[in-house]
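The data block below is input25.cif; it holds mmCIF, C-alpha atoms.
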data_final
loop_
_atom_site.label_atom_id
_atom_site.label_comp_id
_atom_site.auth_asym_id
_atom_site.auth_seq_id
_atom_site.Cartn_x
_atom_site.Cartn_y
_atom_site.Cartn_z
CA MET A 1 -12.58 4.11 -11.84
CA ASN A 2 -9.23 5.74 -11.01
CA VAL A 3 -6.95 3.65 -8.79
CA PHE A 4 -4.05 5.08 -6.84
CA ILE A 5 -1.34 2.44 -6.37
CA VAL A 6 1.35 2.90 -3.75
CA PHE A 7 4.23 0.57 -4.61
CA ALA A 8 7.07 -0.07 -2.16
CA HIS A 9 9.94 -2.35 -3.14
CA PRO A 10 13.64 -1.44 -2.81
CA CYS A 11 14.28 -2.44 -6.45
CA GLY A 12 11.39 -0.31 -7.74
CA ALA A 13 8.69 -1.16 -10.27
CA ALA A 14 11.28 -1.65 -13.01
CA GLY A 15 13.33 -4.03 -10.89
CA ASP A 16 13.66 -7.80 -11.07
CA SER A 17 11.39 -8.73 -8.18
CA PHE A 18 8.28 -10.81 -7.89
CA THR A 19 6.60 -7.81 -6.25
CA ALA A 20 7.19 -5.79 -9.46
CA ARG A 21 5.75 -8.65 -11.50
CA LEU A 22 2.72 -8.62 -9.21
CA LEU A 23 2.29 -4.87 -9.76
CA HIS A 24 2.35 -5.30 -13.54
CA ALA A 25 -0.16 -8.16 -13.39
CA PHE A 26 -2.48 -6.02 -11.26
CA ILE A 27 -2.16 -3.16 -13.76
CA ARG A 28 -2.98 -5.53 -16.65
CA GLY A 29 -6.21 -6.37 -14.83
CA LEU A 30 -7.02 -2.70 -14.32
CA GLU A 31 -6.41 -1.95 -17.99
CA ARG A 32 -8.53 -4.89 -19.14
CA ALA A 33 -11.40 -3.57 -17.00
CA GLY A 34 -10.99 -0.04 -18.41
CA HIS A 35 -9.81 1.51 -15.15
CA THR A 36 -7.26 4.31 -15.00
CA TYR A 37 -4.45 4.32 -12.46
CA GLU A 38 -1.54 6.28 -11.04
CA VAL A 39 1.48 4.70 -9.35
CA SER A 40 3.67 6.17 -6.65
CA ASP A 41 6.84 4.06 -6.73
CA LEU A 42 8.17 5.14 -3.34
CA TYR A 43 11.74 3.90 -3.73
CA ALA A 44 12.10 5.24 -7.28
CA MET A 45 10.73 8.59 -6.04
CA ASN A 46 13.14 8.47 -3.09
CA PHE A 47 10.15 9.39 -0.94
CA THR A 48 11.27 10.80 2.42
CA THR A 49 9.86 8.60 5.16
CA ASP A 50 11.19 10.28 8.29
CA MET A 51 8.86 12.83 9.77
CA SER A 52 10.53 16.17 10.42
CA ALA A 53 10.30 17.88 13.81
CA ALA A 54 7.83 20.37 12.33
CA GLU A 55 5.69 17.55 10.94
CA TYR A 56 5.75 15.79 14.31
CA GLU A 57 4.65 18.98 16.08
CA ARG A 58 1.82 19.36 13.57
CA GLU A 59 0.59 15.79 14.14
CA ALA A 60 1.24 15.51 17.89
CA TYR A 61 -0.44 18.78 18.77
CA TYR A 62 -3.15 18.74 16.05
CA VAL A 63 -2.05 21.97 14.41
CA SER A 64 -4.07 21.77 11.21
CA ASP A 65 -2.87 25.11 9.82
CA ALA A 66 0.84 24.19 9.99
CA PRO A 67 2.42 23.79 6.53
CA ILE A 68 2.40 20.42 4.79
CA PRO A 69 5.58 19.55 2.85
CA ASP A 70 5.31 19.59 -0.94
CA ASP A 71 6.03 15.85 -1.32
CA VAL A 72 3.24 15.00 1.14
CA ARG A 73 0.83 17.42 -0.53
CA ALA A 74 1.58 15.77 -3.91
CA GLU A 75 0.64 12.35 -2.51
CA GLN A 76 -2.53 13.76 -0.96
CA GLU A 77 -3.51 15.23 -4.33
CA LYS A 78 -3.17 11.77 -5.89
CA ILE A 79 -5.40 10.38 -3.15
CA LEU A 80 -8.05 13.04 -3.78
CA LYS A 81 -8.24 12.04 -7.47
CA ALA A 82 -8.65 8.33 -6.69
CA ASP A 83 -11.74 6.17 -6.34
CA ALA A 84 -9.83 3.19 -4.91
CA LEU A 85 -6.45 2.51 -3.33
CA ALA A 86 -3.98 -0.35 -3.74
CA PHE A 87 -0.81 -0.95 -1.75
CA ILE A 88 1.69 -3.42 -3.23
CA TYR A 89 4.75 -4.41 -1.22
CA PRO A 90 6.92 -7.25 0.13
CA VAL A 91 6.55 -8.32 3.74
CA PHE A 92 9.51 -7.46 6.00
CA TRP A 93 9.31 -8.94 9.51
CA THR A 94 5.50 -9.21 9.37
CA GLU A 95 5.23 -5.58 8.25
CA ALA A 96 5.34 -3.39 5.18
CA PRO A 97 8.73 -1.91 4.24
CA ALA A 98 9.77 1.13 6.31
CA LYS A 99 9.33 3.26 3.18
CA LEU A 100 5.59 2.45 3.10
CA VAL A 101 5.18 2.78 6.87
CA GLY A 102 6.79 6.23 6.64
CA TRP A 103 4.44 7.11 3.77
CA PHE A 104 1.47 6.47 6.07
CA ASP A 105 3.16 8.40 8.90
CA ARG A 106 3.64 11.46 6.72
CA VAL A 107 0.71 11.37 4.27
CA TRP A 108 -2.17 10.39 6.58
CA THR A 109 -2.05 13.83 8.24
CA PHE A 110 -4.26 15.55 10.79
CA GLY A 111 -6.97 17.46 8.97
CA PHE A 112 -6.63 15.23 5.90
CA ALA A 113 -6.95 11.60 7.00
CA TYR A 114 -8.46 12.27 10.42
CA GLU A 115 -10.04 14.93 12.64
CA PRO A 116 -11.62 16.13 10.37
CA CYS A 117 -11.16 13.80 7.44
CA VAL A 118 -11.28 15.51 4.05
CA MET A 119 -9.90 12.39 2.37
CA PRO A 120 -12.73 10.62 0.53
CA ARG A 121 -14.06 7.30 1.76
CA PHE A 122 -12.96 4.85 -0.91
CA ARG A 123 -15.11 2.12 -2.31
CA LYS A 124 -12.22 -0.31 -1.92
CA ALA A 125 -8.67 -0.51 -0.61
CA LEU A 126 -6.49 -3.49 -1.45
CA CYS A 127 -3.18 -4.56 0.04
CA LEU A 128 -1.20 -7.02 -2.08
CA ALA A 129 1.68 -8.33 0.01
CA CYS A 130 4.40 -10.73 -1.15
CA ALA A 131 5.79 -12.95 1.58
CA GLY A 132 8.53 -15.53 1.88
CA HIS A 133 6.46 -17.81 4.09
CA THR A 134 3.44 -19.49 2.54
CA ALA A 135 0.01 -18.04 3.29
CA GLU A 136 -0.76 -21.20 5.28
CA GLU A 137 2.31 -20.70 7.48
CA LEU A 138 1.42 -17.05 8.04
CA GLU A 139 -2.16 -17.96 9.00
CA LYS A 140 -1.07 -20.77 11.33
CA SER A 141 1.49 -18.62 13.17
CA GLY A 142 -0.91 -15.69 13.60
CA MET A 143 1.31 -13.37 11.55
CA ALA A 144 -1.35 -12.97 8.84
CA GLN A 145 -3.86 -11.73 11.41
CA ALA A 146 -1.28 -9.30 12.80
CA MET A 147 -0.75 -7.91 9.29
CA ARG A 148 -4.51 -7.54 8.78
CA SER A 149 -4.86 -5.73 12.11
CA VAL A 150 -2.19 -3.18 11.26
CA MET A 151 -2.97 -2.57 7.59
CA LEU A 152 -6.75 -2.95 7.55
CA THR A 153 -7.95 -2.09 11.03
CA ASP A 154 -5.45 0.63 11.91
CA ARG A 155 -4.21 2.21 8.68
CA ILE A 156 -7.18 1.77 6.33
CA SER A 157 -9.79 1.68 9.11
CA THR A 158 -13.08 3.25 7.96
CA ARG A 159 -11.40 5.04 5.04
CA ALA A 160 -12.72 2.37 2.65
CA GLY A 161 -16.01 0.52 2.40
CA ILE A 162 -14.11 -2.69 1.63
CA ALA A 163 -10.53 -3.29 2.76
CA GLU A 164 -8.71 -6.50 1.92
CA LEU A 165 -5.23 -7.91 2.48
CA HIS A 166 -4.15 -10.50 -0.08
CA LEU A 167 -1.06 -12.50 0.84
CA PHE A 168 1.04 -13.92 -1.97
CA GLY A 169 3.16 -16.35 0.00
CA GLY A 170 5.92 -18.82 -0.71
CA MET A 171 7.86 -16.26 -2.74
CA SER A 172 11.24 -16.30 -0.99
CA ARG A 173 14.04 -16.83 -3.48
CA GLY A 174 15.12 -19.72 -1.25
CA GLN A 175 11.78 -21.53 -1.63
CA GLN A 176 11.98 -24.47 -4.02
CA THR A 177 8.25 -24.02 -4.66
CA ARG A 178 8.55 -20.34 -5.62
CA GLU A 179 7.89 -20.77 -9.35
CA SER A 180 5.04 -23.20 -8.72
CA PHE A 181 3.25 -20.44 -6.76
CA ALA A 182 4.19 -17.61 -9.16
CA ALA A 183 1.79 -18.25 -12.03
CA GLY A 184 -1.22 -18.59 -9.72
CA HIS A 185 -0.26 -15.47 -7.79
CA LEU A 186 0.12 -13.40 -10.95
CA ALA A 187 -3.23 -14.61 -12.27
CA GLU A 188 -4.85 -13.69 -8.95
CA ALA A 189 -3.30 -10.19 -8.99
CA GLU A 190 -4.60 -9.62 -12.51
CA ARG A 191 -8.06 -10.87 -11.44
CA LEU A 192 -8.04 -8.45 -8.47
CA GLY A 193 -7.24 -5.55 -10.79
CA PHE A 194 -9.95 -6.58 -13.22
CA ALA A 195 -12.56 -7.11 -10.47
CA LEU A 196 -11.88 -3.79 -8.76
#

Would you give me this structure, written as structure tokens?
Amino acid sequence: MNVFIVFAHPCGAAGDSFTARLLHAFIRGLERAGHTYEVSDLYAMNFTTDMSAAEYEREAYYVSDAPIPDDVRAEQEKILKADALAFIYPVFWTEAPAKLVGWFDRVWTFGFAYEPCVMPRFRKALCLACAGHTAEELEKSGMAQAMRSVMLTDRISTRAGIAELHLFGGMSRGQQTRESFAAGHLAEAERLGFAL
């Protein structure tokens, strides 16, 4: 199976972040299972997230024959080669980073991701989100459900047979328990990659 991973962390996949460690653990699982993968590291790519006026006109007025920018077309080509999707990112204010939100805004285009949808329906789409609050705190406050609604119900929607959001909480640098959560989180990310 070929997995397309969209990674969004300001320090990139080579940076010193727990989110980067999570990405590498997930990839280890994929490799152990014999899967292939491709990563779009949005910050390292300096992916443009703001929609241009021409792009907005295309999307707002459903003009399917309007040109698609080269960077968007490149991401869509990666999607077309994939059997499954994974999104790996830190949580900012109960949301994905603006870089990933902008990726959805620009890449999920009219005539590709909807009306009509030429994008394949994936067997599985996974969201692996690192959060400062613990998963229990996010569930109790309702923030976890809000994240599921946006990522799984709105963005992934029916584009995957199975769509899951996995929260890796308690990872704020200020949390005294951060390292006690880390090993379990990394093992879970590797398991998710292997089980895909």

Evaluating the PyMOL selection byres ((chain A and resi 170) around 6) on the displayed file yields which residues, as a PyMOL selection string? chain A and resi 132-134+169+171-172+178

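This file, filtered with the PyMOL selection byres ((chain A and resi 95) around 10), gives the residues Tyr89, Pro90, Val91, Phe92, Trp93, Thr94, Ala96, Pro97, Ala98, Leu100, Val101, Ala129, Ala131, Met143, Ala144, Ala146, Met147, Arg148, Val150 and Met151 of chain A.
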
Would you translate the PyMOL selection byres ((chain A and resi 83) around 9) into the concrete set of residues it matches in this file, as a PyMOL selection string? chain A and resi 1-4+79-82+84-85+120-124

How would you write as a list in words the residues that get within 10 Å of (-8.5, 10.3, 3.3) in the file's frame, counting all atoms listed in the file?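 Counting all atoms listed in the file, I find these residues within 10 Å of (-8.5, 10.3, 3.3): Gln76, Ile79, Leu80, Val107, Trp108, Thr109, Gly111, Phe112, Ala113, Tyr114, Pro116, Cys117, Val118, Met119, Pro120, Arg121, Phe122, Ile156, Thr158, Arg159 and Ala160 of chain A.
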
File of the preceding selection, C-alpha atoms, as a PDB file, in the frame of the given file:
ATOM      1  CA  GLN A  76      -2.530  13.760  -0.960  1.00  0.00           C
ATOM      2  CA  ILE A  79      -5.400  10.380  -3.150  1.00  0.00           C
ATOM      3  CA  LEU A  80      -8.050  13.040  -3.780  1.00  0.00           C
ATOM      4  CA  VAL A 107       0.710  11.370   4.270  1.00  0.00           C
ATOM      5  CA  TRP A 108      -2.170  10.390   6.580  1.00  0.00           C
ATOM      6  CA  THR A 109      -2.050  13.830   8.240  1.00  0.00           C
ATOM      7  CA  GLY A 111      -6.970  17.460   8.970  1.00  0.00           C
ATOM      8  CA  PHE A 112      -6.630  15.230   5.900  1.00  0.00           C
ATOM      9  CA  ALA A 113      -6.950  11.600   7.000  1.00  0.00           C
ATOM     10  CA  TYR A 114      -8.460  12.270  10.420  1.00  0.00           C
ATOM     11  CA  PRO A 116     -11.620  16.130  10.370  1.00  0.00           C
ATOM     12  CA  CYS A 117     -11.160  13.800   7.440  1.00  0.00           C
ATOM     13  CA  VAL A 118     -11.280  15.510   4.050  1.00  0.00           C
ATOM     14  CA  MET A 119      -9.900  12.390   2.370  1.00  0.00           C
ATOM     15  CA  PRO A 120     -12.730  10.620   0.530  1.00  0.00           C
ATOM     16  CA  ARG A 121     -14.060   7.300   1.760  1.00  0.00           C
ATOM     17  CA  PHE A 122     -12.960   4.850  -0.910  1.00  0.00           C
ATOM     18  CA  ILE A 156      -7.180   1.770   6.330  1.00  0.00           C
ATOM     19  CA  THR A 158     -13.080   3.250   7.960  1.00  0.00           C
ATOM     20  CA  ARG A 159     -11.400   5.040   5.040  1.00  0.00           C
ATOM     21  CA  ALA A 160     -12.720   2.370   2.650  1.00  0.00           C
TER      22      ALA A 160
END

Point out the residue among A:Cys130, A:Ala135, A:Ala25, A:Ile162 with the least atom-to-atom distance to A:Glu188, counting all atoms listed in the file.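 Checking each of A:Cys130, A:Ala135, A:Ala25, A:Ile162 against A:Glu188, counting all atoms listed in the file, the winner is A:Ala25.
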
Out of A:Ser180, A:Phe110, A:Leu128, A:Ser64, which residue has the shortest atom-to-atom distance to A:Arg21 when counting only C-alpha atoms?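 So, comparing all the options, the nearest one is A:Leu128.
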
Taking all atoms listed in the file into account, which of A:Ile5, A:Ala189, A:Ala163, A:Leu138 comes nearest A:Lys78?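 Of the candidates, the smallest distance to A:Lys78 is held by A:Ile5.
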
Atom CA of A:Glu115 and atom CA of A:Asp71 are how many Å apart?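 Atom-to-atom, atom CA of A:Glu115 and atom CA of A:Asp71 are spaced 21.3 Å apart.
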
Rank nothing, just name the residue among A:Val63, A:Ala182, A:Ile88, A:Leu192 nearest to A:Phe7, using all atoms listed in the file.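 Result for the nearest residue to A:Phe7: A:Ile88.
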
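Considering the residues A:Leu42, A:Met51, A:Leu167, A:Ile68 and counting all atoms listed in the file, A:Cys11 has its shortest atom-to-atom contact with A:Leu42.
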
Atom CA of A:Ala14 to atom CA of A:Pro69: how many Å, to one decimal? 27.1 Å

Between A:His185, A:Arg28, A:His166, A:Lys140, single out the one closest to A:Leu126, counting only C-alpha atoms.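 Among the listed residues, A:His166 lies closest to A:Leu126.
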
Please compute the atom CA of A:His24-atom CA of A:Ala74 distance, one decimal, in Å.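 Between atom CA of A:His24 and atom CA of A:Ala74 the gap is 23.2 Å.
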
Work out where the centre of an axis-aligned box around every listed atom of stretch 142-156 of chain A lies and how long its edges are once 3 Å is added on each side; give both in Å to one decimal as AutoDock Vina command-line options.
--center_x -3.3 --center_y -6.7 --center_z 10.0 --size_x 15.3 --size_y 23.9 --size_z 13.3

Show which residues sit within 6 Å of A:Gly193, as a list in words. Count only C-alpha atoms, and ignore same-chain residues fewer than 2 positions away. Phe26, Gly29, Leu30, Glu190, Arg191, Ala195 and Leu196 of chain A

List as a list in words the protein and nucleic acid residues near A:Val6, meaning an atom at most 7 Å away when all atoms listed in the file are counted, but skip any in the same chain fewer than 6 places from it.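 Here the qualifying residues turn out to be Val39, Ser40, Asp41, Ala86, Phe87 and Ile88 of chain A.
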
Output C-alpha atoms of each residue in that selection to a file, as a PDB file, in the frame of the given file.
ATOM      1  CA  VAL A  39       1.480   4.700  -9.350  1.00  0.00           C
ATOM      2  CA  SER A  40       3.670   6.170  -6.650  1.00  0.00           C
ATOM      3  CA  ASP A  41       6.840   4.060  -6.730  1.00  0.00           C
ATOM      4  CA  ALA A  86      -3.980  -0.350  -3.740  1.00  0.00           C
ATOM      5  CA  PHE A  87      -0.810  -0.950  -1.750  1.00  0.00           C
ATOM      6  CA  ILE A  88       1.690  -3.420  -3.230  1.00  0.00           C
TER       7      ILE A  88
END

Kindly complete stretch 28-39 of chain A to all heavy atoms; the output should be written as a PDB file, in the frame of the given file.
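Now in selection_15.pdb:
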ATOM      1  N   ARG A  28      -2.348  -4.897 -15.470  1.00  0.00           N
ATOM      2  CA  ARG A  28      -2.980  -5.530 -16.650  1.00  0.00           C
ATOM      3  C   ARG A  28      -4.471  -5.746 -16.395  1.00  0.00           C
ATOM      4  O   ARG A  28      -5.311  -5.509 -17.270  1.00  0.00           O
ATOM      5  CB  ARG A  28      -2.303  -6.864 -16.984  1.00  0.00           C
ATOM      6  CG  ARG A  28      -1.048  -6.744 -17.800  1.00  0.00           C
ATOM      7  CD  ARG A  28      -0.601  -8.071 -18.396  1.00  0.00           C
ATOM      8  NE  ARG A  28      -0.410  -9.125 -17.420  1.00  0.00           N
ATOM      9  CZ  ARG A  28       0.702  -9.302 -16.701  1.00  0.00           C
ATOM     10  NH1 ARG A  28       1.719  -8.475 -16.838  1.00  0.00           N
ATOM     11  NH2 ARG A  28       0.790 -10.293 -15.841  1.00  0.00           N
ATOM     12  N   GLY A  29      -4.800  -6.177 -15.189  1.00  0.00           N
ATOM     13  CA  GLY A  29      -6.210  -6.370 -14.830  1.00  0.00           C
ATOM     14  C   GLY A  29      -6.977  -5.066 -14.847  1.00  0.00           C
ATOM     15  O   GLY A  29      -8.107  -5.005 -15.359  1.00  0.00           O
ATOM     16  N   LEU A  30      -6.373  -4.018 -14.299  1.00  0.00           N
ATOM     17  CA  LEU A  30      -7.020  -2.700 -14.320  1.00  0.00           C
ATOM     18  C   LEU A  30      -7.283  -2.246 -15.750  1.00  0.00           C
ATOM     19  O   LEU A  30      -8.372  -1.755 -16.068  1.00  0.00           O
ATOM     20  CB  LEU A  30      -6.148  -1.661 -13.604  1.00  0.00           C
ATOM     21  CG  LEU A  30      -5.940  -1.809 -12.105  1.00  0.00           C
ATOM     22  CD1 LEU A  30      -4.967  -0.735 -11.605  1.00  0.00           C
ATOM     23  CD2 LEU A  30      -7.253  -1.739 -11.339  1.00  0.00           C
ATOM     24  N   GLU A  31      -6.277  -2.388 -16.598  1.00  0.00           N
ATOM     25  CA  GLU A  31      -6.410  -1.950 -17.990  1.00  0.00           C
ATOM     26  C   GLU A  31      -7.465  -2.757 -18.729  1.00  0.00           C
ATOM     27  O   GLU A  31      -8.260  -2.194 -19.490  1.00  0.00           O
ATOM     28  CB  GLU A  31      -5.051  -2.051 -18.700  1.00  0.00           C
ATOM     29  CG  GLU A  31      -4.067  -1.006 -18.204  1.00  0.00           C
ATOM     30  CD  GLU A  31      -2.657  -1.183 -18.763  1.00  0.00           C
ATOM     31  OE1 GLU A  31      -2.325  -2.308 -19.236  1.00  0.00           O
ATOM     32  OE2 GLU A  31      -1.889  -0.207 -18.721  1.00  0.00           O
ATOM     33  N   ARG A  32      -7.513  -4.055 -18.496  1.00  0.00           N
ATOM     34  CA  ARG A  32      -8.530  -4.890 -19.140  1.00  0.00           C
ATOM     35  C   ARG A  32      -9.938  -4.454 -18.742  1.00  0.00           C
ATOM     36  O   ARG A  32     -10.869  -4.537 -19.535  1.00  0.00           O
ATOM     37  CB  ARG A  32      -8.327  -6.366 -18.754  1.00  0.00           C
ATOM     38  CG  ARG A  32      -7.231  -7.073 -19.525  1.00  0.00           C
ATOM     39  CD  ARG A  32      -7.134  -8.576 -19.202  1.00  0.00           C
ATOM     40  NE  ARG A  32      -8.413  -9.228 -19.086  1.00  0.00           N
ATOM     41  CZ  ARG A  32      -8.803  -9.985 -18.040  1.00  0.00           C
ATOM     42  NH1 ARG A  32      -8.000 -10.179 -17.013  1.00  0.00           N
ATOM     43  NH2 ARG A  32      -9.980 -10.561 -18.029  1.00  0.00           N
ATOM     44  N   ALA A  33     -10.089  -3.994 -17.501  1.00  0.00           N
ATOM     45  CA  ALA A  33     -11.400  -3.570 -17.000  1.00  0.00           C
ATOM     46  C   ALA A  33     -11.720  -2.123 -17.391  1.00  0.00           C
ATOM     47  O   ALA A  33     -12.823  -1.644 -17.116  1.00  0.00           O
ATOM     48  CB  ALA A  33     -11.450  -3.711 -15.490  1.00  0.00           C
ATOM     49  N   GLY A  34     -10.764  -1.418 -17.995  1.00  0.00           N
ATOM     50  CA  GLY A  34     -10.990  -0.040 -18.410  1.00  0.00           C
ATOM     51  C   GLY A  34     -10.763   0.985 -17.321  1.00  0.00           C
ATOM     52  O   GLY A  34     -11.163   2.139 -17.464  1.00  0.00           O
ATOM     53  N   HIS A  35     -10.110   0.572 -16.235  1.00  0.00           N
ATOM     54  CA  HIS A  35      -9.810   1.510 -15.150  1.00  0.00           C
ATOM     55  C   HIS A  35      -8.569   2.337 -15.499  1.00  0.00           C
ATOM     56  O   HIS A  35      -7.705   1.899 -16.252  1.00  0.00           O
ATOM     57  CB  HIS A  35      -9.547   0.766 -13.839  1.00  0.00           C
ATOM     58  CG  HIS A  35     -10.708  -0.035 -13.353  1.00  0.00           C
ATOM     59  ND1 HIS A  35     -11.975   0.480 -13.223  1.00  0.00           N
ATOM     60  CD2 HIS A  35     -10.786  -1.333 -12.958  1.00  0.00           C
ATOM     61  CE1 HIS A  35     -12.788  -0.457 -12.761  1.00  0.00           C
ATOM     62  NE2 HIS A  35     -12.097  -1.574 -12.601  1.00  0.00           N
ATOM     63  N   THR A  36      -8.480   3.515 -14.924  1.00  0.00           N
ATOM     64  CA  THR A  36      -7.260   4.310 -15.000  1.00  0.00           C
ATOM     65  C   THR A  36      -6.516   4.137 -13.685  1.00  0.00           C
ATOM     66  O   THR A  36      -7.089   3.681 -12.687  1.00  0.00           O
ATOM     67  CB  THR A  36      -7.575   5.804 -15.238  1.00  0.00           C
ATOM     68  OG1 THR A  36      -8.400   6.273 -14.178  1.00  0.00           O
ATOM     69  CG2 THR A  36      -8.261   6.009 -16.581  1.00  0.00           C
ATOM     70  N   TYR A  37      -5.240   4.508 -13.671  1.00  0.00           N
ATOM     71  CA  TYR A  37      -4.450   4.320 -12.460  1.00  0.00           C
ATOM     72  C   TYR A  37      -3.276   5.298 -12.437  1.00  0.00           C
ATOM     73  O   TYR A  37      -2.867   5.834 -13.464  1.00  0.00           O
ATOM     74  CB  TYR A  37      -3.938   2.878 -12.347  1.00  0.00           C
ATOM     75  CG  TYR A  37      -3.015   2.483 -13.473  1.00  0.00           C
ATOM     76  CD1 TYR A  37      -1.641   2.683 -13.385  1.00  0.00           C
ATOM     77  CD2 TYR A  37      -3.530   1.944 -14.650  1.00  0.00           C
ATOM     78  CE1 TYR A  37      -0.802   2.345 -14.434  1.00  0.00           C
ATOM     79  CE2 TYR A  37      -2.700   1.601 -15.703  1.00  0.00           C
ATOM     80  CZ  TYR A  37      -1.336   1.795 -15.581  1.00  0.00           C
ATOM     81  OH  TYR A  37      -0.501   1.470 -16.623  1.00  0.00           O
ATOM     82  N   GLU A  38      -2.770   5.495 -11.254  1.00  0.00           N
ATOM     83  CA  GLU A  38      -1.540   6.280 -11.040  1.00  0.00           C
ATOM     84  C   GLU A  38      -0.720   5.516 -10.017  1.00  0.00           C
ATOM     85  O   GLU A  38      -1.265   4.995  -9.044  1.00  0.00           O
ATOM     86  CB  GLU A  38      -1.894   7.671 -10.531  1.00  0.00           C
ATOM     87  CG  GLU A  38      -0.695   8.578 -10.379  1.00  0.00           C
ATOM     88  CD  GLU A  38      -1.082  10.034 -10.163  1.00  0.00           C
ATOM     89  OE1 GLU A  38      -2.274  10.317  -9.923  1.00  0.00           O
ATOM     90  OE2 GLU A  38      -0.180  10.881 -10.238  1.00  0.00           O
ATOM     91  N   VAL A  39       0.585   5.447 -10.247  1.00  0.00           N
ATOM     92  CA  VAL A  39       1.480   4.700  -9.350  1.00  0.00           C
ATOM     93  C   VAL A  39       2.456   5.650  -8.691  1.00  0.00           C
ATOM     94  O   VAL A  39       3.104   6.453  -9.360  1.00  0.00           O
ATOM     95  CB  VAL A  39       2.272   3.614 -10.119  1.00  0.00           C
ATOM     96  CG1 VAL A  39       3.214   2.864  -9.177  1.00  0.00           C
ATOM     97  CG2 VAL A  39       1.333   2.650 -10.838  1.00  0.00           C
TER      98      VAL A  39
END
